[in-house]
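One structure is given here, and the rest of the page talks about it.
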Amino acid sequence: MTPLHLPTAYLIAGILYLIMPLVVWLMLRKQHALSNTLWYLGGLSFGLSLILLGMRDKWPDALTYGFAVWLLVLGPLLRACALRHELQKPIHLTWMLILSVAFIALYTVFHAVLNDASLRFMWSSFGAAAAFAWLALSARALYKRDLSISAQWIFYFYFALAVLLCLRVVSVLFGWSQPTAMTTDLLSFVLITCAVVTSIIGNIGFLGVFIERMNSEALESAKVQARQEESARLSEQIAQLDRRRSVGEIAASLAHELSQPLTNIYLITDRIELSLQQIQDESLNKYFADLNRNTQKAGDILGRIRTFIQSKNTRSERVELSQVITDVSALIHDLAYNESVELQVSLPPQTLAVWADPVQLSQIFMNLLRNAIQATQGQASRQLQIRVWREGPMAHITLTDNGPGLPAEALSQVGTAFFTTKSDGLGVGLSISKSIAQQHGGSLSIGNSPSGGAVVELQLPVVD
C-alpha cells in the first residue's frame, strides 16, 4: 500500500478548488467585479481538471487526458486574467482561449497521433507551469502596485506550483520519473500537497486583496474627511478672525473719526464757559460742567477702544510661504472650481520663509483670492496667477487676475477703510490686509497689470 493514493489526492484537491472559489465568489458577488467571476471560473476549471485526472482509470481518455489538460491550463489563465483586470490591464479573453485551444491541439497530436507519453506529459506540464507563472507574476505586479500582502502570498504559492511542475519536466526528461500524473514519488507528493494548500491560500489571498482594498479606501476616505474637516475648521477660524478684525477696524475708524469732533465740542464749551464768566453769568455753569464731564467720558471710552484694538496679541512663528499658499489654495479650490477660475501658482525652488502669524497670513491670501475671483466675473476665460520670489531681504507675492482692472479714480483710495468698488462690500477687507502686512513689517499695494487686470503685491521680510 503506497503512502499516497494519488487519485484520491487529486479528487480532494479538485473538490477544494470547486468549493473555495464558490465561497469567495459568493462573498464578493456584491462587488459586481469581472475579476471575481474570472477567478471563480478559473478555480472551477482547475478543480474539474484535477477531478478528471483523479478519475483517469474510470472515465474515458477523451475526458481524463485532452479535456482535463485543457482545463488544467485554462484555469490559471483565467485567474491570471482576473488579476490583470484588477491591475486595469487588457485581458484579451478571446486570444487567451485561442492560445489554450492551440495548446491542447498540439497536446492531442502528442497523445493520439504520435502516442509519445513523454512529449505529452512534458508539454502539458510545461503549459501548466507557464500558466501558473503568468498568474504568479500578475499577483506580484498587483503586490508592487498596491503593496497587497494577500497578492504577495498568491505569488509565492502559484510560483511554487510553477517551479514544481518544471521540476517534474526535468525529472521526466532525465528519466528519473515516469511521464504520468499518477507517479507516486516524493515530487508528486510535494506537488499535490502544494496544490491543496494553494487552493486554500490562493482563494483566501484573492479575497484578502478585496478586503485590503476596501480597508484602504475606507482609510483614504477617513483621511479625506479629516482633511475636509480641518480645512473647514481653518476656514471658519480665518472667517471668524476676519469678522473680528473687521469689527476692530470699524471701531478703530470710528474712534479716530469721533475723537476730533468730541475734542472740538470740549473746546467750544470751554470758550462759552469762559465768555459767561467774563459777563459774570453763572446760571449755566452746572450745565457746562455736565457737558464737559460727559464729553471727557466719551473721549476716555474712545481712548480705551483704541488702546484695546492696538494691543493685538499675535502668535508669530517661522512660516513657509509655499505651505501657506498651498493650504489656502486648497481651501479656495471649491470656490474657484465652481466659478470656473483657473488658479496658477508659481513658487520658488528654494524655501522662502517669513516671521508671521500663519492664520493672519492665511487671512490676507484668502481675502485677496476671493476678491480676485469676484473681479474675473464676466471674462470668457477666468484666470488667477500667484507668483512668489525673493528680492534682497524681502519676499514678494503677487496675485494677478485677468479682470477689467481698477478705474483710475479708485486706485488712490483702494485699500482705505470703508472704500469699496462692490455694491455689497463694506470696504474693510483690503484695509485689514494692509494692516496685517504692516504689523508684520511689510506692505501691500494694489494696482493694475500692464497686461490687463488688477495686481496685488505683498512684501514681507524674509527669515533665513
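Numbering starts fresh at 1 for the residues of each chain in the C-alpha cells, the chains themselves are lettered A, B, ... in the order given, and ligands are numbered from 1 as they appear.
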
Query raised in the report: Which polymer residues have any atom within 6 Å of an atom of stretch 336-343 of chain A, counting only C-alpha atoms, with same-chain residues fewer than 3 positions away left out, as a ChimeraX atom specification?
Result: /A:333,382-384

Query - Residue neighbourhood stretch 70-85 of chain A, 6 Å, only C-alpha atoms, exclusion window fewer than 3 positions, as a list in words - result: Ser35, Leu38, Trp39, Gly42, Gly43, Ser45, Phe46, Ser49, Phe67, Gln88, Lys89, Ile91, Ile104, Ala128, Ala131, Phe132 and Leu135 of chain A

How would the residues just picked look written out with C-alpha atoms as a PDB file, in the first residue's frame?
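Output below, filename part-v2.pdb:
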```pdb
ATOM      1  CA  SER A  35     -12.249  39.761 -11.838  1.00  0.00           C
ATOM      2  CA  LEU A  38     -12.948  35.181 -13.828  1.00  0.00           C
ATOM      3  CA  TRP A  39     -11.300  33.988 -10.618  1.00  0.00           C
ATOM      4  CA  GLY A  42     -10.561  29.702 -13.224  1.00  0.00           C
ATOM      5  CA  GLY A  43     -10.948  27.778  -9.971  1.00  0.00           C
ATOM      6  CA  SER A  45     -11.806  24.857 -14.491  1.00  0.00           C
ATOM      7  CA  PHE A  46      -8.769  23.824 -12.475  1.00  0.00           C
ATOM      8  CA  SER A  49      -9.300  19.142 -14.305  1.00  0.00           C
ATOM      9  CA  PHE A  67     -10.204  17.848 -21.760  1.00  0.00           C
ATOM     10  CA  GLN A  88      -6.553  47.578 -15.091  1.00  0.00           C
ATOM     11  CA  LYS A  89      -4.631  45.920 -17.906  1.00  0.00           C
ATOM     12  CA  ILE A  91      -7.013  40.723 -20.633  1.00  0.00           C
ATOM     13  CA  ILE A 104      -4.489  21.378 -26.420  1.00  0.00           C
ATOM     14  CA  ALA A 128       0.506  24.425 -16.844  1.00  0.00           C
ATOM     15  CA  ALA A 131       0.119  29.498 -16.933  1.00  0.00           C
ATOM     16  CA  PHE A 132       0.928  29.337 -13.205  1.00  0.00           C
ATOM     17  CA  LEU A 135      -0.633  34.037 -12.723  1.00  0.00           C
TER      18      LEU A 135
END
```

Which stretch 139-193 of chain A residues have any atom within 9 Å of an atom of stretch 197-219 of chain A, and for each, what is the nearest pair of atoms with distance in Å to one decimal, counting only C-alpha atoms, rows sorted by chain and number, as a tab-separated table?
```
residue	atom	partner	partner_atom	distance
A:Asp146	CA	A:Arg213	CA	8.3
A:Ser148	CA	A:Val209	CA	6.5
A:Ile149	CA	A:Val209	CA	8.0
A:Ser150	CA	A:Gly205	CA	4.5
A:Ala151	CA	A:Gly205	CA	6.1
A:Gln152	CA	A:Gly205	CA	8.3
A:Trp153	CA	A:Gly205	CA	6.5
A:Ile154	CA	A:Gly202	CA	5.2
A:Phe155	CA	A:Gly202	CA	8.7
A:Phe157	CA	A:Thr198	CA	5.8
A:Tyr158	CA	A:Thr198	CA	6.9
A:Leu161	CA	A:Thr198	CA	8.3
A:Ile192	CA	A:Val197	CA	8.7
A:Thr193	CA	A:Val197	CA	6.3
```

**Report entry** 12 Å contact set for A:Phe103, only C-alpha atoms, chain neighbours under 2 positions out, as a PyMOL selection string
**Finding:** chain A and resi 66-67+69-74+96-101+105-110+120+123-128+130-131
